[in-house]
$ cat coords-v9.cif   # mmCIF, C-alpha atoms and all ligand atoms
data_my_file
#
loop_
_atom_site.label_atom_id
_atom_site.label_comp_id
_atom_site.auth_asym_id
_atom_site.auth_seq_id
_atom_site.Cartn_x
_atom_site.Cartn_y
_atom_site.Cartn_z
CA MET A 5 18.19 -6.27 1.78
CA GLU A 6 15.83 -5.34 -1.05
CA ASN A 7 16.49 -2.20 -3.11
CA VAL A 8 13.43 -0.14 -4.00
CA ASP A 9 13.00 3.22 -5.69
CA TYR A 10 10.20 4.18 -3.32
CA ILE A 11 8.52 3.35 -0.06
CA ILE A 12 4.98 4.72 0.19
CA VAL A 13 3.47 4.98 3.66
CA GLY A 14 -0.34 5.04 3.53
CA ASP A 15 -2.93 3.47 1.28
CA GLY A 16 -5.61 6.12 0.69
CA TYR A 17 -6.11 8.18 -2.48
CA ALA A 18 -2.76 9.96 -2.06
CA GLY A 19 -0.82 6.70 -1.76
CA LEU A 20 -2.68 4.84 -4.49
CA PHE A 21 -2.60 7.59 -7.10
CA PHE A 22 1.11 8.08 -6.47
CA ALA A 23 1.59 4.31 -6.82
CA HIS A 24 -0.10 4.62 -10.20
CA GLN A 25 2.57 7.13 -11.26
CA LEU A 26 5.25 4.64 -10.20
CA ILE A 27 3.58 1.78 -12.07
CA ARG A 28 3.34 3.75 -15.32
CA ASN A 29 7.00 4.76 -14.98
CA ASN A 30 8.25 1.27 -14.12
CA LYS A 31 9.61 2.21 -10.71
CA SER A 32 10.08 -0.36 -7.98
CA PHE A 33 8.22 0.30 -4.75
CA VAL A 34 6.48 -1.07 -1.68
CA MET A 35 3.44 0.42 0.01
CA PHE A 36 2.80 0.12 3.72
CA SER A 37 -0.84 -0.38 4.63
CA GLU A 38 -1.83 -0.90 8.21
CA GLY A 39 -5.25 -2.23 7.14
CA ARG A 40 -7.40 0.44 8.78
CA LYS A 41 -10.37 1.82 6.89
CA SER A 42 -8.99 5.08 5.51
CA ALA A 43 -10.97 8.31 5.03
CA SER A 44 -10.65 7.51 1.35
CA GLN A 45 -12.48 4.21 1.81
CA VAL A 46 -15.43 5.87 3.54
CA SER A 47 -15.60 8.67 0.96
CA ALA A 48 -18.58 9.07 -1.34
CA GLY A 49 -16.50 8.88 -4.50
CA ILE A 50 -18.02 12.03 -5.93
CA ILE A 51 -16.13 13.61 -8.82
CA ASN A 52 -17.49 17.10 -9.06
CA PRO A 53 -16.12 20.22 -10.77
CA VAL A 54 -18.61 22.60 -9.09
CA VAL A 55 -18.94 24.01 -5.58
CA LEU A 56 -22.62 23.30 -5.12
CA LYS A 57 -23.34 25.89 -2.45
CA LYS A 58 -22.49 28.94 -4.51
CA PHE A 59 -22.26 27.46 -8.01
CA THR A 60 -18.62 28.28 -8.52
CA THR A 61 -15.75 26.15 -9.72
CA PHE A 62 -12.20 25.73 -8.48
CA TRP A 63 -8.57 25.85 -9.52
CA LYS A 64 -7.80 23.59 -12.49
CA ALA A 65 -11.19 21.82 -12.30
CA GLN A 66 -11.35 20.96 -16.01
CA GLU A 67 -7.73 19.79 -16.13
CA GLN A 68 -8.26 17.71 -13.00
CA ILE A 69 -11.39 16.01 -14.38
CA ASP A 70 -9.70 15.23 -17.71
CA PHE A 71 -6.59 13.91 -16.01
CA LEU A 72 -8.61 11.72 -13.64
CA LYS A 73 -10.59 10.19 -16.49
CA SER A 74 -7.46 9.34 -18.47
CA SER A 75 -5.70 7.98 -15.34
CA LEU A 76 -8.66 5.73 -14.54
CA LYS A 77 -8.42 4.33 -18.10
CA GLU A 78 -4.74 3.53 -17.48
CA ILE A 79 -5.57 1.87 -14.16
CA GLU A 80 -8.25 -0.17 -15.93
CA GLU A 81 -5.58 -1.47 -18.31
CA TYR A 82 -3.66 -3.23 -15.54
CA THR A 83 -6.40 -4.08 -13.03
CA GLY A 84 -8.89 -5.12 -15.72
CA LYS A 85 -11.73 -3.07 -14.25
CA ASN A 86 -13.41 0.25 -14.87
CA TYR A 87 -14.05 2.25 -11.70
CA LEU A 88 -15.65 5.32 -13.25
CA ILE A 89 -19.42 5.47 -12.86
CA GLU A 90 -20.91 7.90 -15.37
CA SER A 91 -23.70 9.16 -13.14
CA SER A 92 -24.27 12.91 -13.08
CA ILE A 93 -24.99 15.00 -10.03
CA HIS A 94 -28.45 16.60 -9.94
CA ARG A 95 -28.57 19.52 -7.56
CA ILE A 96 -32.10 20.11 -6.19
CA PHE A 97 -32.90 23.83 -6.15
CA HIS A 98 -34.28 25.36 -2.97
CA ASP A 99 -36.13 28.19 -4.72
CA GLU A 100 -36.39 30.26 -7.87
CA ASN A 101 -33.47 32.46 -6.90
CA GLU A 102 -31.17 29.48 -7.05
CA GLN A 103 -32.45 28.60 -10.50
CA LYS A 104 -31.73 32.15 -11.67
CA LEU A 105 -28.28 32.14 -10.13
CA TRP A 106 -27.46 28.79 -11.78
CA LEU A 107 -28.51 30.11 -15.20
CA LYS A 108 -26.52 33.29 -14.73
CA LYS A 109 -23.44 31.36 -13.66
CA SER A 110 -23.81 28.97 -16.59
CA GLU A 111 -22.92 31.92 -18.86
CA ASN A 112 -19.48 32.25 -17.24
CA ASP A 113 -16.66 30.77 -19.32
CA ASP A 114 -15.33 28.66 -16.47
CA LEU A 115 -18.75 27.17 -15.63
CA ALA A 116 -20.40 26.85 -19.05
CA GLY A 117 -19.07 23.32 -19.51
CA PHE A 118 -20.38 22.20 -16.13
CA LEU A 119 -23.81 23.78 -15.44
CA ASP A 120 -26.50 22.34 -17.69
CA LYS A 121 -29.05 24.96 -18.72
CA LYS A 122 -31.92 22.51 -18.99
CA PHE A 123 -33.53 21.72 -15.63
CA ASP A 124 -34.83 18.24 -14.79
CA HIS A 125 -37.69 16.99 -12.71
CA LEU A 126 -36.65 14.01 -10.58
CA GLU A 127 -38.90 11.07 -9.74
CA VAL A 128 -39.72 10.03 -6.15
CA VAL A 129 -37.89 12.85 -4.34
CA LYS A 130 -39.28 16.30 -3.54
CA ASN A 131 -37.98 18.81 -6.07
CA ASP A 132 -40.61 21.53 -6.45
CA PHE A 133 -38.03 23.84 -8.02
CA LEU A 134 -36.51 21.11 -10.21
CA SER A 135 -32.82 20.22 -10.33
CA GLY A 136 -29.73 21.32 -12.25
CA LYS A 137 -27.40 18.74 -13.78
CA VAL A 138 -23.64 19.08 -13.36
CA ASN A 139 -22.14 18.06 -16.68
CA GLN A 140 -18.90 16.03 -16.52
CA SER A 141 -19.59 15.04 -12.91
CA ALA A 142 -19.28 11.34 -12.14
CA ARG A 143 -18.56 8.90 -9.36
CA LEU A 144 -15.74 6.60 -8.48
CA ASP A 145 -16.70 3.05 -7.54
CA VAL A 146 -14.87 3.44 -4.22
CA ASN A 147 -15.18 -0.15 -3.08
CA GLY A 148 -14.17 -1.53 -6.46
CA PHE A 149 -11.24 0.88 -6.78
CA PHE A 150 -9.68 -0.11 -3.44
CA THR A 151 -10.38 -3.81 -3.84
CA GLY A 152 -9.05 -3.87 -7.41
CA LEU A 153 -5.90 -1.92 -6.65
CA PHE A 154 -5.10 -3.78 -3.43
CA VAL A 155 -5.40 -7.14 -5.22
CA PHE A 156 -3.15 -5.88 -8.03
CA LEU A 157 -0.55 -4.45 -5.62
CA GLU A 158 -0.55 -7.58 -3.51
CA ASN A 159 -0.14 -9.89 -6.51
CA LYS A 160 2.81 -7.83 -7.73
CA GLY A 161 4.46 -7.90 -4.31
CA HIS A 162 4.07 -4.14 -3.72
CA LEU A 163 1.73 -4.27 -0.74
CA ILE A 164 3.04 -4.72 2.79
CA LYS A 165 0.25 -5.14 5.27
CA ASP A 166 1.97 -3.62 8.23
CA LYS A 167 2.07 -0.38 10.16
CA PHE A 168 5.13 1.64 9.24
CA ASP A 169 7.24 2.03 12.37
CA TYR A 170 8.98 5.43 12.31
CA SER A 171 11.51 4.37 14.96
CA GLN A 172 12.97 1.80 12.53
CA LEU A 173 13.69 4.34 9.83
CA ASN A 174 17.38 4.98 9.32
CA THR A 175 17.47 8.23 7.37
CA SER A 176 21.25 8.50 7.08
CA ASP A 177 21.54 5.13 5.27
CA SER A 178 18.09 5.30 3.60
CA VAL A 179 17.14 2.00 5.13
CA TYR A 180 13.89 0.80 6.65
CA LYS A 181 14.02 -2.71 8.07
CA ASP A 182 14.94 -4.92 5.06
CA PHE A 183 14.52 -2.19 2.46
CA LYS A 184 17.08 0.16 1.03
CA PHE A 185 15.12 2.97 -0.62
CA LYS A 186 15.86 5.95 -2.84
CA ASN A 187 12.84 7.97 -1.69
CA ILE A 188 10.13 7.62 0.89
CA LEU A 189 6.72 9.26 0.53
CA PHE A 190 4.35 9.78 3.45
CA CYS A 191 0.65 9.71 2.53
CA GLU A 192 -0.90 9.14 5.93
CA GLY A 193 -3.89 11.50 5.86
CA MET A 194 -4.63 12.82 9.37
CA ARG A 195 -2.33 10.19 10.87
CA VAL A 196 0.58 12.36 9.71
CA LYS A 197 0.34 13.86 13.19
CA GLU A 198 2.16 10.71 14.42
CA ASN A 199 4.96 11.14 11.89
CA PRO A 200 8.05 12.66 13.58
CA TYR A 201 9.26 14.16 10.27
CA PHE A 202 6.08 15.90 9.11
CA SER A 203 3.83 16.17 12.17
CA ASP A 204 3.90 19.96 11.98
CA ILE A 205 2.29 20.34 8.55
CA PRO A 206 -0.88 22.42 9.07
CA VAL A 207 -3.58 19.87 8.26
CA ILE A 208 -6.84 20.23 10.14
CA PRO A 209 -9.15 17.24 10.66
CA ASN A 210 -12.68 17.59 9.38
CA LYS A 211 -14.78 14.65 10.45
CA GLY A 212 -17.33 13.29 7.98
CA HIS A 213 -20.08 10.73 8.49
CA HIS A 214 -22.12 8.92 5.89
CA MET A 215 -24.88 6.39 6.24
CA LYS A 216 -26.06 3.57 4.05
CA VAL A 217 -29.83 3.39 3.92
CA LYS A 218 -32.50 1.12 2.55
CA LEU A 219 -35.19 3.20 0.82
CA SER A 220 -38.77 1.91 0.97
CA LYS A 221 -39.37 3.36 -2.52
CA PRO A 222 -36.31 3.12 -4.74
CA ILE A 223 -35.23 5.95 -7.05
CA PRO A 224 -35.64 4.67 -10.62
CA GLU A 225 -32.58 6.27 -12.20
CA ASN A 226 -28.92 5.71 -11.37
CA ILE A 227 -28.17 9.36 -10.62
CA THR A 228 -26.49 11.26 -7.80
CA ILE A 229 -28.90 13.58 -6.06
CA LYS A 230 -27.60 16.52 -4.07
CA LYS A 231 -29.49 18.54 -1.54
CA LYS A 232 -27.57 19.21 1.69
CA HIS A 233 -25.69 15.88 1.10
CA PHE A 234 -25.30 13.34 -1.71
CA LEU A 235 -27.69 10.42 -2.28
CA PHE A 236 -26.94 7.62 -4.75
CA PRO A 237 -27.35 3.85 -5.10
CA VAL A 238 -24.49 1.60 -3.98
CA GLN A 239 -25.05 -2.13 -3.76
CA ASP A 240 -27.73 -4.63 -2.64
CA GLU A 241 -30.55 -2.08 -2.69
CA LEU A 242 -28.57 0.22 -0.44
CA TYR A 243 -28.10 3.94 -0.98
CA PHE A 244 -25.26 6.12 0.24
CA TYR A 245 -26.18 9.39 1.95
CA GLY A 246 -23.49 11.80 3.16
CA GLY A 247 -21.16 13.23 4.16
CA THR A 248 -21.31 15.65 7.03
CA TYR A 249 -18.62 18.17 7.99
CA ASP A 250 -17.49 18.70 11.58
CA ARG A 251 -14.34 20.36 12.92
CA GLU A 252 -15.31 20.15 16.59
CA GLN A 253 -16.25 16.58 17.56
CA LEU A 254 -13.10 14.71 16.71
CA HIS A 255 -13.34 11.56 18.84
CA HIS A 256 -13.12 8.12 17.24
CA HIS A 257 -16.72 7.04 17.41
CA ILE A 258 -20.00 7.77 15.66
CA ASP A 259 -21.61 11.08 16.68
CA ASP A 260 -25.34 10.95 17.33
CA SER A 261 -25.66 14.54 16.16
CA ALA A 262 -24.21 13.62 12.76
CA VAL A 263 -26.66 10.74 12.37
CA GLU A 264 -29.45 13.10 13.34
CA GLN A 265 -28.27 15.65 10.79
CA LEU A 266 -28.15 13.05 8.04
CA THR A 267 -31.57 11.64 8.93
CA LYS A 268 -33.09 15.10 8.90
CA GLY A 269 -31.33 16.06 5.68
CA LEU A 270 -32.59 12.98 3.85
CA SER A 271 -36.15 13.31 5.19
CA GLU A 272 -36.31 16.83 3.78
CA PHE A 273 -36.41 15.61 0.20
CA TYR A 274 -37.13 11.87 0.47
CA PRO A 275 -40.76 11.69 1.66
CA TYR A 276 -40.91 7.90 2.29
CA ASN A 277 -39.61 5.63 5.02
CA PHE A 278 -35.99 4.54 5.07
CA GLU A 279 -33.92 2.29 7.28
CA ILE A 280 -30.36 3.07 8.37
CA ASN A 281 -28.18 0.06 7.67
CA GLU A 282 -24.77 1.35 8.62
CA VAL A 283 -22.93 4.54 9.59
CA ASN A 284 -19.26 5.25 8.93
CA PHE A 285 -16.96 8.17 9.53
CA GLY A 286 -13.51 9.41 8.54
CA PHE A 287 -11.28 12.44 8.92
CA ARG A 288 -10.60 14.64 5.90
CA PRO A 289 -7.12 16.21 6.02
CA THR A 290 -8.02 19.82 5.24
CA VAL A 291 -5.86 22.93 4.87
CA LYS A 292 -6.85 26.53 5.51
CA ASP A 293 -6.03 27.66 1.97
CA ARG A 294 -7.79 24.59 0.50
CA ARG A 295 -4.70 23.39 -1.34
CA PRO A 296 -2.80 20.13 -0.90
CA ILE A 297 0.51 20.05 0.91
CA ILE A 298 3.28 18.51 -1.14
CA GLY A 299 6.99 18.67 -0.62
CA ARG A 300 10.39 17.53 0.51
CA HIS A 301 11.69 17.44 4.06
CA SER A 302 13.97 20.41 4.75
CA GLU A 303 16.75 18.25 6.21
CA HIS A 304 16.25 14.71 4.91
CA LYS A 305 16.21 15.24 1.18
CA ASN A 306 14.69 11.91 0.19
CA LEU A 307 11.68 12.17 2.52
CA TYR A 308 8.49 13.57 0.98
CA VAL A 309 4.94 14.31 2.04
CA PHE A 310 1.67 14.21 0.07
CA ASN A 311 -1.26 15.38 2.18
CA GLY A 312 -4.02 17.97 2.63
CA LEU A 313 -6.32 16.52 -0.03
CA GLY A 314 -9.32 17.96 1.83
CA ALA A 315 -12.81 17.26 0.58
CA ARG A 316 -11.59 16.44 -2.93
CA GLY A 317 -9.31 13.49 -2.36
CA ILE A 318 -9.97 11.89 -5.72
CA LEU A 319 -9.31 14.87 -8.00
CA ASN A 320 -6.50 16.30 -5.86
CA GLY A 321 -4.88 12.92 -5.25
CA CYS A 322 -4.88 11.96 -8.91
CA TYR A 323 -3.83 15.28 -10.41
CA PHE A 324 -1.12 16.32 -7.97
CA SER A 325 0.50 12.89 -7.78
CA LYS A 326 1.93 13.61 -11.25
CA ASN A 327 3.29 17.01 -10.13
CA LEU A 328 4.93 15.32 -7.18
CA TYR A 329 6.42 12.57 -9.31
CA GLU A 330 7.89 15.11 -11.74
CA PHE A 331 9.23 17.15 -8.86
CA ILE A 332 11.09 14.18 -7.42
CA GLU A 333 12.25 12.57 -10.65
CA GLN A 334 12.73 15.52 -12.99
CA ASN A 335 13.27 18.36 -10.58
CA ILE A 336 10.30 20.28 -12.02
CA PRO A 337 9.37 22.81 -9.30
CA LEU A 338 6.06 22.42 -7.54
CA HIS A 339 3.49 25.15 -8.01
CA GLU A 340 3.80 27.59 -5.14
CA GLU A 341 0.15 27.12 -4.18
CA ILE A 342 0.60 23.44 -3.33
CA SER A 343 4.18 23.40 -2.13
CA LEU A 344 5.05 22.68 1.49
CA GLU A 345 7.42 25.65 1.25
CA ARG A 346 4.56 28.16 1.26
CA PHE A 347 4.34 27.66 5.02
CA ASN A 348 8.04 28.27 5.59
CA LYS A 349 7.70 31.66 3.89
CA VAL A 350 4.94 32.73 6.28
CA LYS A 351 7.07 31.91 9.32
C1 LIG A 401 -17.52 11.06 4.76
C2 LIG A 401 -16.51 11.51 3.74
C3 LIG A 401 -16.91 11.66 2.41
C4 LIG A 401 -15.99 12.07 1.45
N1 LIG A 401 -16.41 12.15 0.15
C5 LIG A 401 -15.53 12.48 -0.83
C6 LIG A 401 -15.93 12.47 -2.19
O1 LIG A 401 -17.07 12.18 -2.51
N2 LIG A 401 -15.01 12.80 -3.14
C7 LIG A 401 -13.71 13.12 -2.81
O2 LIG A 401 -12.91 13.39 -3.72
N3 LIG A 401 -13.30 13.11 -1.51
C8 LIG A 401 -14.17 12.81 -0.52
N4 LIG A 401 -13.76 12.79 0.79
C9 LIG A 401 -12.41 13.29 1.12
C10 LIG A 401 -11.37 12.20 0.92
O3 LIG A 401 -11.82 11.04 1.55
C11 LIG A 401 -10.01 12.64 1.50
O4 LIG A 401 -9.56 13.77 0.82
C12 LIG A 401 -9.00 11.52 1.30
O5 LIG A 401 -9.47 10.37 1.93
C13 LIG A 401 -7.61 11.83 1.83
O6 LIG A 401 -6.80 10.78 1.39
P1 LIG A 401 -5.38 10.44 2.00
O7 LIG A 401 -4.80 9.35 1.18
O8 LIG A 401 -4.59 11.69 2.16
O9 LIG A 401 -5.68 9.94 3.50
P2 LIG A 401 -6.47 8.66 4.04
O10 LIG A 401 -7.57 8.27 3.17
O11 LIG A 401 -6.78 8.94 5.47
O12 LIG A 401 -5.40 7.49 3.96
C14 LIG A 401 -4.25 7.44 4.76
C15 LIG A 401 -3.95 5.97 5.04
O13 LIG A 401 -2.64 5.86 5.58
C16 LIG A 401 -2.66 4.88 6.58
N5 LIG A 401 -1.51 5.09 7.49
C17 LIG A 401 -1.29 6.18 8.27
N6 LIG A 401 -0.16 6.01 8.99
C18 LIG A 401 0.33 4.79 8.63
C19 LIG A 401 1.48 4.03 9.05
N7 LIG A 401 2.36 4.49 9.96
N8 LIG A 401 1.68 2.81 8.50
C20 LIG A 401 0.81 2.31 7.56
N9 LIG A 401 -0.29 2.99 7.13
C21 LIG A 401 -0.52 4.22 7.69
C22 LIG A 401 -3.99 5.08 7.27
O14 LIG A 401 -4.37 3.93 7.98
C23 LIG A 401 -4.90 5.35 6.08
O15 LIG A 401 -5.40 4.13 5.60
C24 LIG A 401 -14.65 12.37 1.80
C25 LIG A 401 -14.25 12.21 3.13
C26 LIG A 401 -15.14 11.78 4.09
C27 LIG A 401 -14.69 11.60 5.50
#
$ encode --input "coords-v9.cif" --output "C-alpha cells"
Amino acid sequence: MENVDYIIVGDGYAGLFFAHQLIRNNKSFVMFSEGRKSASQVSAGIINPVVLKKFTTFWKAQEQIDFLKSSLKEIEEYTGKNYLIESSIHRIFHDENEQKLWLKKSENDDLAGFLDKKFDHLEVVKNDFLSGKVNQSARLDVNGFFTGLFVFLENKGHLIKDKFDYSQLNTSDSVYKDFKFKNILFCEGMRVKENPYFSDIPVIPNKGHHMKVKLSKPIPENITIKKKHFLFPVQDELYFYGGTYDREQLHHHIDDSAVEQLTKGLSEFYPYNFEINEVNFGFRPTVKDRRPIIGRHSEHKNLYVFNGLGARGILNGCYFSKNLYEFIEQNIPLHEEISLERFNKVK
C-alpha cells in the first residue's frame, strides 16, 4: 500500500493546475489519466481578459492574468519549457459603432489596461474598420503544455494511465486499490456525470469544435485574430480556427453544421482559399452563473470536486486551484461565488 496526500482524477486544466499547487507545496500525489483527449487538449489556449462581444471584462480578470503568468514561470522551472506565447488578440471591428464603443470602454478603469486605444490595420485579412488590440492577452502553447507536464509527471511517478474506477473506492478507509490517500480531488470535466459522488453538480455541456486549416496565403505576423472565432498559427503551416458553441447537439461525433459555421466564419474575413486539415471537438463544463464549482463532499469529508471551468479553463483552472488548495490545507473558506455550497442554499 502506498500512502499519498492526494489522488487527482482527471488530467485537463483543472487537474494539472491543481497538481502544480501540490508540486510547489511538496505534497505526494498520483493523477489518474484515462488517456482520452480532454476538452482542455482541444482548447484554443486563448488567455483573454476581455469579453469580445460587448467589450467588458470579468471577475478578477487582472488578478487571474497575473497569477497565470507567474504560475507558468514556476512550471517552466521544473519542466524546462515556456508555454506562454506572447501573441495579442486583434479584434476585427464590424463597423464604426464598434470602434466608438471600444474607445468609450477603454476609458473605464477596469478596461483601460486591456483595450488599446490605437487601432491596427491587419495584412491579408479583410478589416475595413481596422482592429483593436487586447493588451495583456496571450496564448498558451496547448500541445507543449500537456506534453511537457505529462512527461514531467510520468518521470516523477505521479501519472497513472488508467481510468479511475469508482466502484473500487473505499471511502471509509480512504483507500483506492493500492493507495491510501488523505484527500481525493475529482477534476473530470463533463465526465463528472459518471461520478457517483458528484454527478449532481449543475454543469452543462457546451460543445465546441475547432478546425486546423492550411491557408493559401499565410498571415505574416504571429498574432491572434478574432472575428466570430479565433484564428492563429499553430504548427507546420497550419492555423487554428475556432471554437464554436453548441448546447443542443451533444453527440460524440463531428457536427457538419459546426464545420459549416467555421468555414463560413473564416471565409468572411479571409478572402483566399484554405484547406481543412482536421476538425476536433470537446465539451466545456459550463455553469449557469459562469463560476467554477469547487468544494467538499457533504458526507465524505476528504472527497473534493473542481469543475465548471466553462469557456475559460486556463484562467479559472490556474487561479482557483490555489483557492482550493488553501481551502483543503489551511481551512481558508472558499469565496461564496465559486463554492459548491451555493447550490445547497438555493435548494
Ligand atoms: C473548442 C474549445 C475551445 C476552447 N478554447 C479555450 C480557450 O481558448 N481558452 C480557455 O481558457 N478555455 C478554452 N476552452 C474551455 C476549456 O477547454 C475548458 O474549460 C477546460 O477544458 C475544462 O477543463 P477540465 O479539466 O475541467 O476538464 P477536461 O479538459 O474535460 O478534462 C477532464 C479529464 O478527466 C478525464 N477523466 C474523466 N473521468 C475520468 C476517470 N474516471 N478516470 C480517469 N480520467 C478521467 C477525462 O478523460 C479528461 O481528460 C475551450 C473548449 C473547447 C471545447
$ atom_distance --input "coords-v9.cif" --atom1 "CA of Ser176 (chain A)" --atom2 "atom C22 of ligand LIG 401 (chain A)"
25.5 Å
$ atom_distance --input "coords-v9.cif" --atom1 "CA of Glu225 (chain A)" --atom2 "CA of Asp132 (chain A)"
18.2 Å
$ closest_residue --input "coords-v9.cif" --among "A:Gly212, A:Pro222, A:Pro296, A:Gly84" --to "ligand LIG 401 (chain A)" --atoms "all atoms listed in the file"
A:Gly212
$ residues_near_point --input "coords-v9.cif" --point "(-20.3, 2.9, 4.7)" --cutoff "7 Å" --atoms "all atoms listed in the file" --output "number ranges by chain"
A: 46, 214-216, 282-284
$ atom_distance --input "coords-v9.cif" --atom1 "CA of Leu134 (chain A)" --atom2 "CA of Leu219 (chain A)"
21.1 Å
$ closest_residue --input "coords-v9.cif" --among "A:Glu80, A:Asn86, A:Asp259, A:Pro206" --to "Met194 (chain A)" --atoms "only C-alpha atoms"
A:Pro206
$ residues_near_ligand --input "coords-v9.cif" --ligand "ligand LIG 401 (chain A)" --cutoff "7 Å" --atoms "only C-alpha atoms and all ligand atoms" --output "PyMOL selection string"
chain A and resi 13-19+36-51+166-169+191-196+211-214+246-248+285-289+311-319
$ residues_around --input "coords-v9.cif" --residues "Tyr276 (chain A)" --least-positions-apart "6" --cutoff "10 Å" --atoms "only C-alpha atoms" --output "list in words"
Val128, Val129, Leu219, Ser220, Lys221, Pro222 and Leu270 of chain A
$ write_last_selection --input "coords-v9.cif" --atoms "C-alpha atoms" --output "mmCIF file, keeping the file's coordinate frame"
data_model
loop_
_atom_site.group_PDB
_atom_site.id
_atom_site.type_symbol
_atom_site.label_atom_id
_atom_site.label_comp_id
_atom_site.auth_asym_id
_atom_site.auth_seq_id
_atom_site.Cartn_x
_atom_site.Cartn_y
_atom_site.Cartn_z
ATOM 1 C CA VAL A 128 -39.720 10.030 -6.150
ATOM 2 C CA VAL A 129 -37.890 12.850 -4.340
ATOM 3 C CA LEU A 219 -35.190 3.200 0.820
ATOM 4 C CA SER A 220 -38.770 1.910 0.970
ATOM 5 C CA LYS A 221 -39.370 3.360 -2.520
ATOM 6 C CA PRO A 222 -36.310 3.120 -4.740
ATOM 7 C CA LEU A 270 -32.590 12.980 3.850
#
$ closest_residue --input "coords-v9.cif" --among "A:Glu333, A:Asn52, A:Asn210, A:Leu105" --to "Asn29 (chain A)" --atoms "all atoms listed in the file"
A:Glu333
$ residues_around --input "coords-v9.cif" --residues "Phe185 (chain A)" --least-positions-apart "2" --cutoff "10 Å" --atoms "only C-alpha atoms" --output "PyMOL selection string"
chain A and resi 6-11+32-34+175+177-180+182-183+187-188+306
$ residues_around --input "coords-v9.cif" --residues "region 72-78 of chain A" --least-positions-apart "4" --cutoff "9 Å" --atoms "all atoms listed in the file" --output "list in words"
Phe21, His24, Arg28, Glu67, Gln68, Tyr82, Thr83, Lys85, Asn86, Tyr87, Leu88, Ile318, Leu319, Cys322 and Tyr323 of chain A
$ write_last_selection --input "coords-v9.cif" --atoms "C-alpha atoms" --output "PDB file, in the coordinates of the input"
ATOM      1  CA  PHE A  21      -2.600   7.590  -7.100  1.00  0.00           C
ATOM      2  CA  HIS A  24      -0.100   4.620 -10.200  1.00  0.00           C
ATOM      3  CA  ARG A  28       3.340   3.750 -15.320  1.00  0.00           C
ATOM      4  CA  GLU A  67      -7.730  19.790 -16.130  1.00  0.00           C
ATOM      5  CA  GLN A  68      -8.260  17.710 -13.000  1.00  0.00           C
ATOM      6  CA  TYR A  82      -3.660  -3.230 -15.540  1.00  0.00           C
ATOM      7  CA  THR A  83      -6.400  -4.080 -13.030  1.00  0.00           C
ATOM      8  CA  LYS A  85     -11.730  -3.070 -14.250  1.00  0.00           C
ATOM      9  CA  ASN A  86     -13.410   0.250 -14.870  1.00  0.00           C
ATOM     10  CA  TYR A  87     -14.050   2.250 -11.700  1.00  0.00           C
ATOM     11  CA  LEU A  88     -15.650   5.320 -13.250  1.00  0.00           C
ATOM     12  CA  ILE A 318      -9.970  11.890  -5.720  1.00  0.00           C
ATOM     13  CA  LEU A 319      -9.310  14.870  -8.000  1.00  0.00           C
ATOM     14  CA  CYS A 322      -4.880  11.960  -8.910  1.00  0.00           C
ATOM     15  CA  TYR A 323      -3.830  15.280 -10.410  1.00  0.00           C
TER      16      TYR A 323
END
$ residues_around --input "coords-v9.cif" --residues "Phe244 (chain A)" --least-positions-apart "6" --cutoff "7 Å" --atoms "all atoms listed in the file" --output "number ranges by chain"
A: 215-217, 235-238
$ closest_residue --input "coords-v9.cif" --among "A:Lys232, A:Lys122, A:Lys130, A:Lys292" --to "Pro275 (chain A)" --atoms "only C-alpha atoms"
A:Lys130
$ residues_around --input "coords-v9.cif" --residues "Ile227 (chain A)" --least-positions-apart "6" --cutoff "12 Å" --atoms "only C-alpha atoms" --output "number ranges by chain"
A: 50, 89-95, 124, 126-127, 135, 137-138, 141-143, 234-238, 243-244
$ closest_residue --input "coords-v9.cif" --among "A:Ile258, A:Ile229, A:Ile69, A:Ile79" --to "Leu56 (chain A)" --atoms "all atoms listed in the file"
A:Ile229
$ decode --input "coords-v9.cif" --residues "region 304-327 of chain A" --atoms "C-alpha atoms" --output "compact mmCIF listing (two decimals), in the first residue's frame"
# COMPACT_ATOMS: atom_id res chain seq x y z
CA HIS A 304 -17.28 12.17 2.71
CA LYS A 305 -15.09 14.94 4.04
CA ASN A 306 -11.94 14.08 2.11
CA LEU A 307 -13.61 14.00 -1.32
CA TYR A 308 -13.44 17.22 -3.34
CA VAL A 309 -14.57 18.49 -6.72
CA PHE A 310 -13.01 21.07 -9.07
CA ASN A 311 -15.20 21.67 -12.11
CA GLY A 312 -17.28 24.18 -14.08
CA LEU A 313 -14.31 25.94 -15.68
CA GLY A 314 -16.52 26.91 -18.64
CA ALA A 315 -15.01 28.74 -21.58
CA ARG A 316 -12.05 29.97 -19.54
CA GLY A 317 -10.39 26.77 -18.43
CA ILE A 318 -6.89 28.20 -18.35
CA LEU A 319 -7.51 31.29 -16.22
CA ASN A 320 -10.12 29.65 -14.00
CA GLY A 321 -8.16 26.42 -13.61
CA CYS A 322 -4.95 28.18 -12.66
CA TYR A 323 -6.36 30.83 -10.35
CA PHE A 324 -8.90 28.79 -8.41
CA SER A 325 -6.60 25.80 -7.91
CA LYS A 326 -4.79 27.90 -5.29
CA ASN A 327 -8.07 28.78 -3.52
